[in-house]
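Down below is the structure, laid out as structure tokens.
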Amino acid sequence: MESGGFCVLDSETTGLRSPVQFVEIAVVDADARTLFEATVKPDCPIESGAARVHGYTARSLAESPSFREIYPDLLEVLCGRRVVVYNASYDRRVWDVEVRGLGARGALAGVLPAWECAMRRYAAYVGEPSKRGGYRNQKLTGGDHSARGDALATLRLIEEMAQG
């Protein structure tokens, strides 16, 4: 927390079934300043369950830029920072698929370091044993199912753990 050299990324997606794409991405820094926030027009359908959670539809995103269009600005925000994500493995899978879809443009940007998972750290902090071993994952509390709102909720959990 003291170094401030990290950012928190959160996203909303088209759902859980493949293909999955971003519909909203936000990044906040350690001081809760918004570094990046955008809706994204996906190339695949939005699952009805996902739309019920985050409220985005093909119609509401029709004028939003594509991932290809926002990628340079997003990459600029993330480069050189530790990236913390609640459920990082999910968001990173979607990120990797989206970047692969850019072809050479994505490959030229190089590889970002592994993202750190706030969900796993929070699970250990809470300490509730899992039946499979380790700790039971906890739901993100205090978020509002928007990328920025959930990024800020993740930042609050990081602050809570740091004060711990």
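Residues in the structure tokens are named by chain (A, B, ... in the order shown) and by number from 1 within that chain; ligands are numbered from 1 in the order shown.
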
Fill in: Per-residue DSSP, stretch 66-142 of chain A, filtered to strand (DSSP E or B), as number ranges by chain
A: 82-85, 116-117, 129, 135

C-alpha atoms of the current selection, written as a PDB file, in the first residue's frame:
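New file again_34.pdb:
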```
ATOM      1  CA  ARG A  82       1.594  -4.268 -10.460  1.00  0.00           C
ATOM      2  CA  VAL A  83      -1.913  -5.194 -11.550  1.00  0.00           C
ATOM      3  CA  VAL A  84      -4.243  -6.511  -8.847  1.00  0.00           C
ATOM      4  CA  VAL A  85      -7.574  -8.073  -9.821  1.00  0.00           C
ATOM      5  CA  GLU A 116      -2.056 -10.631  -8.630  1.00  0.00           C
ATOM      6  CA  CYS A 117      -5.278 -12.088  -7.289  1.00  0.00           C
ATOM      7  CA  PRO A 129     -11.240 -23.480   5.316  1.00  0.00           C
ATOM      8  CA  TYR A 135      -9.276 -21.330   1.905  1.00  0.00           C
TER       9      TYR A 135
END
```

Item to complete: as an MDAnalysis selection string, please: all residues of stretch 60-129 of chain A that backbone DSSP puts in alpha helix (DSSP H).
Response: chainID A and resid 67:78 88:100 104:108 118:126

Keeping only C-alpha atoms, write the selected residues to a file as a compact mmCIF listing (two decimals), in the first residue's frame.
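Wrote it out as result.txt, contents follow:
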```txt
# COMPACT_ATOMS: atom_id res chain seq x y z
CA PHE A 67 -11.29 -3.64 -27.48
CA ARG A 68 -8.93 -3.00 -30.41
CA GLU A 69 -9.63 0.73 -30.09
CA ILE A 70 -9.13 1.00 -26.32
CA TYR A 71 -6.20 -1.42 -26.09
CA PRO A 72 -3.37 1.13 -26.61
CA ASP A 73 -4.65 3.43 -23.86
CA LEU A 74 -5.34 0.54 -21.52
CA LEU A 75 -1.92 -0.97 -22.12
CA GLU A 76 -0.27 2.38 -21.39
CA VAL A 77 -2.04 2.52 -18.00
CA LEU A 78 -1.04 -1.06 -17.07
CA ALA A 88 -7.43 -12.50 -11.58
CA SER A 89 -7.44 -15.86 -13.34
CA TYR A 90 -10.83 -15.14 -14.93
CA ASP A 91 -10.07 -11.57 -16.05
CA ARG A 92 -6.63 -12.58 -17.30
CA ARG A 93 -8.11 -15.41 -19.40
CA VAL A 94 -10.49 -12.94 -21.04
CA TRP A 95 -7.62 -10.45 -21.50
CA ASP A 96 -5.38 -13.06 -23.12
CA VAL A 97 -8.11 -14.11 -25.57
CA GLU A 98 -8.89 -10.49 -26.44
CA VAL A 99 -5.20 -9.66 -26.99
CA ARG A 100 -4.65 -12.79 -29.12
CA ALA A 104 0.34 -8.81 -34.51
CA ARG A 105 -0.84 -5.63 -32.83
CA GLY A 106 -1.24 -7.48 -29.53
CA ALA A 107 1.98 -9.44 -29.93
CA LEU A 108 4.01 -6.25 -30.43
CA ALA A 118 -6.91 -10.12 -4.49
CA MET A 119 -9.60 -12.82 -4.15
CA ARG A 120 -7.08 -15.49 -3.15
CA ARG A 121 -5.33 -13.17 -0.73
CA TYR A 122 -8.63 -12.13 0.79
CA ALA A 123 -9.68 -15.79 1.15
CA ALA A 124 -6.50 -16.44 3.16
CA TYR A 125 -7.07 -13.27 5.19
CA VAL A 126 -10.61 -14.39 6.12
```

Worksheet entry | Distance criterion (only C-alpha atoms): nearest to A:Asp144 out of A:Asp10, A:Ala114, A:Val28, A:Leu61 | A:Asp10

Practice prompt. Kindly give the distance, in Å, that separates atom CA of A:His54 and atom CA of A:Ser146, rounded to a single decimal.
Written response: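 Computing it gives 6.3 Å between the two atoms.
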
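Straight-line separation from atom CA of A:Ala147 to atom CA of A:Ala26: 5.2 Å.
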
Item to complete: Name the residues in contact with A:Ala153 at a cut-off of 7 Å, using only C-alpha atoms, excluding same-chain residues fewer than 4 positions from it; report them as an MDAnalysis selection string.
Response: chainID A and resid 141:143 149 157

Keeping only N, CA and C atoms, take the residues you just selected and write them out as a PDB file, in the first residue's frame.
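Final output, saved to result.pdb:
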```
ATOM      1  N   THR A 141     -17.330  -7.857  -1.585  1.00  0.00           N
ATOM      2  CA  THR A 141     -18.365  -7.065  -0.913  1.00  0.00           C
ATOM      3  C   THR A 141     -18.167  -5.591  -1.230  1.00  0.00           C
ATOM      4  N   GLY A 142     -19.264  -4.863  -1.280  1.00  0.00           N
ATOM      5  CA  GLY A 142     -19.184  -3.421  -1.475  1.00  0.00           C
ATOM      6  C   GLY A 142     -19.123  -2.973  -2.911  1.00  0.00           C
ATOM      7  N   GLY A 143     -19.115  -3.907  -3.847  1.00  0.00           N
ATOM      8  CA  GLY A 143     -19.105  -3.533  -5.259  1.00  0.00           C
ATOM      9  C   GLY A 143     -20.515  -3.289  -5.758  1.00  0.00           C
ATOM     10  N   GLY A 149     -16.806   0.505  -9.868  1.00  0.00           N
ATOM     11  CA  GLY A 149     -17.307   0.245  -8.518  1.00  0.00           C
ATOM     12  C   GLY A 149     -16.666  -0.980  -7.902  1.00  0.00           C
ATOM     13  N   LEU A 157     -10.792  -3.618   0.033  1.00  0.00           N
ATOM     14  CA  LEU A 157     -10.375  -4.875   0.658  1.00  0.00           C
ATOM     15  C   LEU A 157      -8.853  -4.920   0.835  1.00  0.00           C
TER      16      LEU A 157
END
```

Fill in: Of the listed residues A:Pro42, A:Gly164, A:Gly49, A:Pro113, that which approaches A:Val20 most closely, counting only C-alpha atoms
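Counting only C-alpha atoms, the residue closest to A:Val20 is A:Pro42.
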